[in-house]
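Visitor: A single structure is presented below for examination.
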Amino acid sequence: MQNSTVKNTTTQQTIANKIYDLVIVGSGISCTYTLIHYVSLIKEKLGAATLPNKLIRVAVLDKSGEFWTGIPYGSRTGKQSLIITALKEFLPPAERDRFIAWLTDNQDEVLKSLKARPGELNQQWLKSYQDIINAGDWDELFIPRYVFGWYLKEQIEQLLLEAKNKEYLECDLFAGEVLNVQKADGKQYQVDFATAEQNQALITEKVVLAIGSPPNKASFLSNFDRSEANKDICAIANMYEPSQNSNIEQIIDFLKNSQTPKDNTVLIIGSNASALETLYSLNNLPEARDLIGKFVVVSPNAKFPHRIYNDPTTSDYIPQNLIALVESNKFTAEQIFEAVKQDVQAALKQGETVDGTYKVISTEVITALNMLNFQEQKMFVIKYGIEIGKYQRRAGQDYLNVVDKLMINGKLEFIKGKFIGTTEGQTGFEFINSDSQQKEVFSEPIKVVINCAGFQDVTKSSSTLIKNLVEQGICTPNDSKGGFQMSGDFEANENLYLMGPLVAGNINDKLKVWHAESCGRIFNLSQKLAEALV
């Protein structure tokens with residue numbers, strides 16, 4: 001695959017005699033839900049005879065060659081990973097009902113698949129919830145993510161097959177890394193991509209960029225290489241590339257050479273959902289768990305998400321600081337953020353939980369946001385919405401029970417700071433202490449480094465595609481630097497649209513989006529995009 005910037009690729013082989021109506025770059029849930037809504041709308045309009053009876057040509061490109069599930073819901077994550085919130089929060093009501101209906105219709109096959117999953121935690125999960133599954137009470141469950149991917153794949157494949165058979169839409173799939181999107185003749189675009197065999201290009205009237213989140217930060221690799229001097233450390237730059245399972249196997253194989261498993265320290269950079277999932281997955285397999293003496297997690301806040309309770313206590317908590325702010329009628333986005341911090345801290349001191357107060361605080365935040373002028377709303381969207389989210393992060397008990405057990409057994413240590421890099425000789429690592437802002441050294445030897453840091457901003461991306469889009473002016477980073485500027489109809493350029501995480505940081509007359517990674521949000525946003533496309 002090419003890694004260098006591609007500024008002009010017109011010499012590449014173009015797929016012959018085909019001009020597509022729509023090309024979607026990326027095939028995760030942003031693509032899948034956009035296509036489900038798009039095909040469904042076309043089907044409705046054709047039934048009402050409001051569109052000409054012509055064959056609509058669509059192409060979908062994906063680097064991995066695994067279509068419709070993306071990283072979270074496909075094989076690269078593995079069958080042990082769970083959704084981060086309960087199903088009742090995971091999807092909007094109508095789609096949740098469809099998914100539950102599918103689970104009910106396929107219950108025997110789903111149970112058979114769940115039983116076949118290897119690992120102690122996988123089996124504990126099924127033992128804990130099988131009665132609930134048998135009763136069809138799926139709403140409270142944190143289901144394995146691959147099951148949702150299974151459902152999505154079936155839905156889109158059935159819809160596309162029907163469209164092809166009725167000759168109103170045809171979808172071609174291409175496995176390859178998209179390197180560039182550039183203007184072709186007129187208003188058309190050329191989408192350049194590389195396969196293992198050759199470079200190719202597609203010509204299309206419209207493009208949807210559904211490439212997921214930008215690459216994660218991998219600064220620790222800047223002073224780490226595969227030289228003889230570094231043979232004593234196993235470094236995982238991305239837990240999902242090529243897959244979580246293959247990286248766990250790599251860690252196991254590496255640690256098997258250790259004569260003192262109790263001294264094997266695994267460093268995890270970041271304390272987000274990905275880091276939590278990594279801990280869970282490594283403790284799922286006894287073969288991996290027993291080779292690890294201790295986990296060290298380094299992150300600026302040194303905290304995992306708060307616990308979501310299966311039976312949350314009814315809360316009558318009143319967010320006094322937010323309410324006082326709203327009643328004052330004059331405040332800023334930053335003051336909303338400060339009020340949330342104060343209310344969360346006050347709630348915890350009163351014995352409340354973040355889970356129990358999440359809805360009431362979130363409701364007041366939206367009320368306050370809608371009272372701001374445009375400039376302050378923009379500040380909220382590009383900065384403070386994300387910061388507030390960090391104070392309300394939540395995850396299920398299945399993940400956090402593992403964390404508690406590790407803490408009780410002295411096998412998990414948090415370091416509050418920003419990771420800099422491994423030390424000379426690779427015996428430890430350096431970090432900036434979050435409180436003192438001074439450089440410090442963790443001197444204990446580490447055997448494994450796993451990068452679960454956040455995502456790069458789009459102005460400094462290592463992605464060839466993102467760099468090309470920015471350099472050519474096809475896409476312009478928005479002020480959040482987490483996404484690209486776009487219109488209320490998701491256009492980043494004429495006939496070039498965004499969906500998924502790159503939508504974040506946008507505010508216009510139709511949308512305010514500071515976070516676009518949750519499944520429910522993507523479902524709703526992709527519905528609006530499909531309407532714009534049709």
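Each chain in the structure tokens gets a letter, A, B, ..., in the order shown, and its residues are numbered from 1; ligands are numbered from 1 in order too.
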Can you tell me, as number ranges by chain, what residues are no more than 9 Å from Asp172 of chain A when counting only C-alpha atoms, ignoring any on the same chain fewer than 6 positions away?
Guide: A: 57-61
Visitor: Name all residues at most 12 Å from Gly149 of chain A (count only C-alpha atoms; drop same-chain ones fewer than 5 positions away) and give them as a VMD selection string.
Guide: chain A and resid 27 to 29 32 to 33 66 to 79 81 to 83 99 143 to 144 154 to 156 519
Visitor: Could you pull out the helix (DSSP H, G or I) residues of segment 319-470 of chain A from DSSP and send them as a ChimeraX atom specification?
Guide: /A:320-328,333-349,354-369,374-391,397-408,464-470
Visitor: Need the shell around Glu413 of chain A: protein/DNA/RNA residues with any atom at most 8 Å away, counting only C-alpha atoms. Skip same-chain ones fewer than 2 positions apart. Format as a PDB file with N, CA, C and O atoms, in the first residue's frame?
Guide:
ATOM      1  N   LYS A 294       1.047  -7.273  35.994  1.00  0.00           N
ATOM      2  CA  LYS A 294       0.398  -6.011  36.338  1.00  0.00           C
ATOM      3  C   LYS A 294       0.073  -5.220  35.078  1.00  0.00           C
ATOM      4  O   LYS A 294       0.795  -5.286  34.085  1.00  0.00           O
ATOM      5  N   PHE A 295      -1.030  -4.470  35.135  1.00  0.00           N
ATOM      6  CA  PHE A 295      -1.375  -3.504  34.099  1.00  0.00           C
ATOM      7  C   PHE A 295      -1.117  -2.109  34.641  1.00  0.00           C
ATOM      8  O   PHE A 295      -1.455  -1.810  35.793  1.00  0.00           O
ATOM      9  N   VAL A 296      -0.540  -1.257  33.817  1.00  0.00           N
ATOM     10  CA  VAL A 296      -0.385   0.159  34.149  1.00  0.00           C
ATOM     11  C   VAL A 296      -1.129   0.954  33.087  1.00  0.00           C
ATOM     12  O   VAL A 296      -0.917   0.759  31.886  1.00  0.00           O
ATOM     13  N   VAL A 297      -2.028   1.829  33.520  1.00  0.00           N
ATOM     14  CA  VAL A 297      -2.795   2.677  32.604  1.00  0.00           C
ATOM     15  C   VAL A 297      -2.360   4.116  32.813  1.00  0.00           C
ATOM     16  O   VAL A 297      -2.450   4.644  33.923  1.00  0.00           O
ATOM     17  N   MET A 407      -7.911  -4.270  40.597  1.00  0.00           N
ATOM     18  CA  MET A 407      -7.507  -3.320  41.646  1.00  0.00           C
ATOM     19  C   MET A 407      -7.384  -4.013  42.990  1.00  0.00           C
ATOM     20  O   MET A 407      -6.414  -3.789  43.729  1.00  0.00           O
ATOM     21  N   GLY A 410      -4.273  -5.952  43.307  1.00  0.00           N
ATOM     22  CA  GLY A 410      -3.034  -5.198  43.131  1.00  0.00           C
ATOM     23  C   GLY A 410      -2.418  -5.346  41.757  1.00  0.00           C
ATOM     24  O   GLY A 410      -1.192  -5.186  41.599  1.00  0.00           O
ATOM     25  N   LYS A 411      -3.241  -5.614  40.759  1.00  0.00           N
ATOM     26  CA  LYS A 411      -2.714  -5.855  39.415  1.00  0.00           C
ATOM     27  C   LYS A 411      -3.043  -4.720  38.437  1.00  0.00           C
ATOM     28  O   LYS A 411      -2.861  -4.881  37.231  1.00  0.00           O
ATOM     29  N   ILE A 415      -1.642   5.888  36.274  1.00  0.00           N
ATOM     30  CA  ILE A 415      -0.697   7.007  36.271  1.00  0.00           C
ATOM     31  C   ILE A 415      -1.408   8.194  35.639  1.00  0.00           C
ATOM     32  O   ILE A 415      -1.863   8.122  34.496  1.00  0.00           O
TER      33      ILE A 415
END
Visitor: Tell me which of A:Asn238, A:Ala333, A:Asn373, A:Pro319 sits closest to Tyr358 of chain A, counting only C-alpha atoms.
Guide: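 Closest to Tyr358 of chain A, using only C-alpha atoms: A:Pro319.
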Visitor: Between A:Lys45, A:Lys63, A:Lys378, A:Lys153, which has the minimum distance to Pro242 of chain A (counting only C-alpha atoms)?
Guide: A:Lys63
